[in-house]
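To start, the structure itself, in structure tokens.
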Amino acid sequence: MSVWLKPSISQEIMNNKEIFEETQSIIADLMAGHLEITNLVENMAEVLTNVEAENREKGMKFFTKILKELPYDYLNETQVKFITRFYIDRLKDNHRVIPAVLEGYLTIIEMKHYDMALTSEFFTMLFREVTCQSQVRQDRYNIYNIILKLLKKDSQCLKTLGPDFLYGFISAMEGERDPRNLLFLFTFLPTFLKHISLGHLVEEMFEVISCYYPIDFHPSPDDPAPVTRQDLANALCPCLCAVPEFGEQCMVLLIEKLDSSLRMAKLDSLALLRESCKIFSAETYGPFLKTLWSSIHREISHKTDEELKMAAHESLSALVSKLATTAGTDQAFENFVKGVLISMQTAVAESSTVAQFVKAAKVLLTTANASKESCIIITKSMIPAIVAYYEFNPSAKLQIASIDFLGDLHDMANHWEVLNEIQAQTIEIPRLCLTAVSNPSKEYQIAGFKSLIRTKNLLQEDLVLPFIEVLIHNIQHSQDENLLSVSVATVHTIARKYPEMVMDLVVRGKCDLDNLTEDKAALEKRLNLLSNLASIDDFTKVIISEMLKMVTTYNENAPKVIEALSESMSDASLYTGQKLTEIESDHGLIDSIMSWILKELHTSSDEALSHGYKLISNTMRSLPIDKQQKILSNYTDIVEKCKKNEVYFNVLKSLYSPLNQSIYNENFEEIMILSVELALKSNEEKIRCQACVLIAHFINKVEYGQKFELLYEILKNHLSNYDSNEETMICQRLIVLYGWLTKALIMRGSDVFAFWLKKIMSALTTVEYCSLGAEAIRLIMEDHTGSSNTMFYTRTTLLFKQRMYENFASLTSNMGPMSEDVKEAYLVSWAYVLQNTSKVILNRDVAKIMPLLIESLEYDNKELLSVMSSVLCYYVQQKQLAVADSLQTLLPRLVKLTQYTKSMDVRIKGLQCLYEIANTYRTVLLLPHKQDVLLDLAPSLDDKKRLVRSAAVKARTRCLFRSASSVANSDFEKSVGPMRKLRRIGKICI
Amino acid sequence: MTKVADNVNPHIYEKGSEREITSTDLDEDVVDEIDEREVFDLIRNINDPEHPLSLEELRVIEESNIRVDNKENTVYVNFTPTIPHCSMATLIGLSIRVQLLRALPSRFKVTVRVTEGTHASEHAVNKQLADKERVAAALENNNLVQIINQCVATQ
């Protein structure tokens, strides 16, 4: 018979520690009904009532352990009641017993049948008998946890406990010093305060909480999971403004701490102010507004501390939007905003540099952004003020800044939809823009036009003509790219608002296409403008038909027209796919261009033709499937022509590469064979490349299943003819083609790519083809967006680059030792793969990549060095320890890079790496190398290239600072500044 | 301890733009000589010891007050204290000297002087800055080096 079925258990608990291990068996017996809990208690009577406190402690511990392990619904109501009473009674016992009692009580309240009615009794006893702050950390935590649990279980019950309970709680937590406990308390206090009304104890409660404010705490450096100061501060903030009753006290505290000289205190106070706006009523702030603004103003105009400035902005914004809720009823809001307005107006007026102006302007924008009401007040008075400011201020930079500011104000008013209310003020903006753009300086014009674009709705009819005059002059004569594009955008904006006027003035007037041809110099620019304007519905018909007329009549300027059209139409923000489709069906864009191309094919320059191809493929891409098919059927003869003369291949490619995935016709197989032949046998490099791209398109897009199998088989069979080919030239071209094939296949997620990749890998091991193999790897990894090889409508599986990386890595690991001749190409291909793989993977495989990196830095290959040093830079920024471990090997190699004569890019990258290393790793690791590196870097200061020199200065000064900065870097130093420090160390004579 | 700065409210000037990178800068074969602008760029961001402003913003240094001679390997920098009795003039001068010492190739002989007629004890300051021994000794004073580093550290 087990010992716990007999009274001798008491002796057992007192004398034998092992009994604590057997609680599980007791639980089992209890569950099985071999033992009643009451019997167990009776049996334990001796130990629970022993005269020795030590033994009672053991008894309570043992019983608590049993309670903890029991299922929470095992005990019935009477049993729980009995045990609860017993535990409450035990609170009177010796201090040694208390921890077990508290722990047990925590378990009891979790039980299903816990009687809330006993809570009051418990707390009375607890607060009377136990002094919370003289317990150890864990027990204090248990007390708080009991309160939290009870609050969660039944907040109604706690409410009825009244002020005595509250007082007990306040005195229990008063003086708590452990950061973990505090964090726990702060986290649950807001909920507590929301449920329990404080009555006359508001002040006491606030005082207990506020004594921690602002948090000043530094976690011990040995703590494995420290509570940080910021954690505590973030948790405390909502406590201080948990209930509206705290309002006045909180404000007094906050204002006091805002004026503190400690930076942390200011930041916390600003955060508190921001947070408090969510809880307190607007009236709370009334009496304090003046002081608050002066404090916020001081922080906002802080010269260097960006974080503080941002916090001040955020608080201001929160405060204004809170106050705005009383806008109609209370004068306080308006007074406050006006106060902000007046002091900032002064600041704007007094500013002598753009930085000062922008600072003041930002405050005004923050205020305006906070609420609709403040926006009206600010914009109403600031817009006329700035207009006047512009007139009176002679500084060019400030004038430009003020124009930008007007645009910002307008946007703000637009955001709050109050433009109607400030109509009288805003009307002046376009006129001011006109004044600005009348200035010949480019900066003025750009600022003026940009603001005009933003305030486009305000533009009145009478101003259109002067604006257009300036704009057209710019467009025809300006050489500056920036100004040109802004001007074109402005005309576009005006045209949307006043289509008739622009039509008369620009399209039929200044830039009429008929007299266009005479003015050669401005021709291109005019065409750009017109092709841009053509994207607006009202202009499409007139302009496009005019332009196409020039193309179809084979006008000598047709190439320019095509270039302009192709430039504008490839801008998706101007021409949507739908718009292009419309143009195509209304005007026959492709037909016109095609007829021109076919005529000029043998005579025109490659560049002119390439614009035509681009235009065709771009338009094709936007067409719906049926339209695409129709156009293909119109030009079936191109395939035949192409067989006879390869120059037609470009046309063919521009038609077939932008096709939608679902299109497939009988020509495809023929074209495929043709492309393969051209890719391998054409003498023109361009044609070969285009052929490869087209093959890649076909293979990538063709539907899964039968069609793919068929096309792929044809290709594979055809290529197998060349398997035994020994001709160097063909082999070289084959490798390039393999590259494209692998890319197409891996992108669509097909597994067969491995076959071709292996071929490339075997090329990598041969001396004659290794560099081509590396080139093929580059092809696979590179993105081709923007180039003429852009792939449209391709099937792209997610993470195909990762897949490539994995495959490449596993294939290389099987390759065995490399001969020196092919090693370089091998590393170069690694470089291409690494360059385009996601950074996450790089971080994961740092152990595998580091050796490659170190080895690569030995080779004299520009691209390899450049890529590898970038990867290394990335690792350093990520604080990879692997880099720190091999500093001794790396540093001499990096220093050698800084002397690399063939490429400045490599030199700069090497210096950047050194800078990052000096910046990132601990001084201890760097000090041994410091002196050497400093000496080695000296020659770079006299590099022939300026960019290298500046990188060298950056790296070298960083290295120099590392030894010095380790001593003085505390927050204190930062806030005090060098000046105060100077005085602290006394008078210095140099 | 509560002594206020010598010049409490200095006039602040506009900051110039960054040097634009031209196509010749990117051309491998062209040799870029060190010019006035480059030297100016090296020292424009030095912080004033009294204010959180750069020497450029206070117009203590200006590009026109710098002379570089690549053949003779000399660099002359004149700086203008904001007020004639500025007690920080020596420290500013020393910061400029140290920065140039660290950032310019060693072939240059660097001379840093107060612009004529802008400081009460111009000669004394110039003498101190020209004295190699004193500069070297100053750089061995750890406290002083820290202050200079803080001035030189770009923001």
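A note on labels: chains of the structure tokens are A, B, ... as shown, every chain counts residues from 1, and ligands are counted from 1 in their shown order.
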
Worksheet item: Using only C-alpha atoms, which residues sit within 9 Å of stretch 77-92 of chain B once same-chain residues fewer than 6 positions away are excluded, as a ChimeraX atom specification?
Response: /A:990 /B:6-7,10-11,39-40,46-50,55,58-62,65-68,110-122,125-126,128-129,148,151

Discussion item. Within 8 Å of chain A, which residues belong to chain B? Use only C-alpha atoms and report them as a ChimeraX atom specification.
Written reply: /B:1,12-14,25,28,30-34,49-50,52,102-106,128,134-135,137-138,143-147,149-151

Discussion item. Just list as a PyMOL selection string whatever in stretch 109-345 of chain A DSSP marks as alpha helix (DSSP H).
Written reply: chain A and resi 109-110+118-129+137-153+155-159+162-173+179-195+202-210+229-240+247-258+263-276+282-285+289-300+306-323+331-345

Practice prompt. Using atom CA of A:Leu601 and atom CA of A:Gly577 as the two end points, give the distance in Å to one decimal.
Written response: 27.6 Å

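From atom CA of A:Gln230 back to atom CA of A:Lys266, the distance works out to 13.5 Å.
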
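Computed from the coordinates, the atom CA of A:Thr291 to atom CA of A:Val208 distance equals 25.3 Å.
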
Fill in: Long-range neighbours of A:Phe20 as number ranges by chain, 9 Å cut-off, only C-alpha atoms, 4 positions minimum in chain
A: 13, 16, 62, 65

Could you turn the residues from that selection into a file that holds all heavy atoms, as a short mmCIF file (atom, residue, chain, number, x, y, z; two decimals), in the first residue's frame?
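So selection.cif came out as:
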```
data_model
loop_
_atom_site.label_atom_id
_atom_site.label_comp_id
_atom_site.auth_asym_id
_atom_site.auth_seq_id
_atom_site.Cartn_x
_atom_site.Cartn_y
_atom_site.Cartn_z
N ILE A 13 7.04 13.39 4.13
CA ILE A 13 7.28 14.72 3.55
C ILE A 13 8.37 15.46 4.32
O ILE A 13 9.22 16.14 3.73
CB ILE A 13 5.97 15.54 3.56
CG1 ILE A 13 4.94 14.90 2.62
CG2 ILE A 13 6.22 16.99 3.13
CD1 ILE A 13 3.57 15.50 2.70
N ASN A 16 11.85 13.01 3.77
CA ASN A 16 12.28 12.40 2.53
C ASN A 16 11.99 13.31 1.34
O ASN A 16 10.83 13.57 1.01
CB ASN A 16 11.55 11.06 2.37
CG ASN A 16 12.10 10.29 1.19
OD1 ASN A 16 12.99 10.77 0.49
ND2 ASN A 16 11.56 9.12 0.98
N PHE A 62 4.27 20.81 -0.75
CA PHE A 62 3.85 19.52 -1.29
C PHE A 62 2.39 19.59 -1.76
O PHE A 62 2.06 19.18 -2.87
CB PHE A 62 4.00 18.44 -0.19
CG PHE A 62 3.75 17.07 -0.70
CD1 PHE A 62 4.72 16.39 -1.42
CD2 PHE A 62 2.53 16.44 -0.46
CE1 PHE A 62 4.49 15.11 -1.88
CE2 PHE A 62 2.29 15.16 -0.94
CZ PHE A 62 3.28 14.48 -1.64
N LYS A 65 1.98 21.60 -4.86
CA LYS A 65 2.43 20.88 -6.04
C LYS A 65 1.32 19.97 -6.55
O LYS A 65 1.07 19.86 -7.75
CB LYS A 65 3.69 20.07 -5.70
CG LYS A 65 4.35 19.45 -6.91
CD LYS A 65 5.84 19.27 -6.71
CE LYS A 65 6.53 18.82 -7.98
NZ LYS A 65 6.52 17.39 -8.20
#
```

Fill in: DSSP-assigned strand (DSSP E or B) members of stretch 38-149 of chain B, reported as a count of residues only
18

Fill in: Long-range neighbours of A:Gln912 as a ChimeraX atom specification, 8 Å cut-off, only C-alpha atoms, 6 positions minimum in chain
/A:873,951,955

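Between B:Lys109 and the residues B:Ser95, B:Asn70, B:Ser54, B:Asn142, the shortest atom-to-atom distance, using only C-alpha atoms, involves B:Asn70.
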
Worksheet item: Any idea what's packed within 10 Å of A:Ile616, counting only C-alpha atoms, ignoring anything in its chain fewer than 2 positions away? Could you give it as a PyMOL selection string?
Response: chain A and resi 566+589-591+593-594+610-614+618-621+651+654-655+658

Selection above as a file: C-alpha atoms, as a compact mmCIF listing (two decimals), in the first residue's frame:
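Done, and the output landed in result-v4.txt:
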```txt
# COMPACT_ATOMS: atom_id res chain seq x y z
CA SER A 566 8.07 54.52 -79.69
CA LEU A 589 -0.51 51.71 -86.34
CA ILE A 590 1.24 48.41 -86.97
CA ASP A 591 0.35 48.35 -90.65
CA ILE A 593 4.94 51.16 -89.37
CA MET A 594 5.32 47.78 -91.02
CA SER A 610 15.14 49.25 -84.14
CA HIS A 611 12.74 52.01 -83.02
CA GLY A 612 10.28 50.65 -85.50
CA TYR A 613 10.69 47.11 -84.16
CA LYS A 614 10.30 48.35 -80.63
CA ASN A 618 5.23 47.23 -77.83
CA THR A 619 1.93 47.70 -79.61
CA MET A 620 1.59 43.97 -80.25
CA ARG A 621 2.06 43.32 -76.58
CA VAL A 651 10.59 41.93 -88.21
CA SER A 654 9.12 41.88 -83.23
CA LEU A 655 5.86 40.23 -84.30
CA PRO A 658 5.33 39.74 -77.67
```
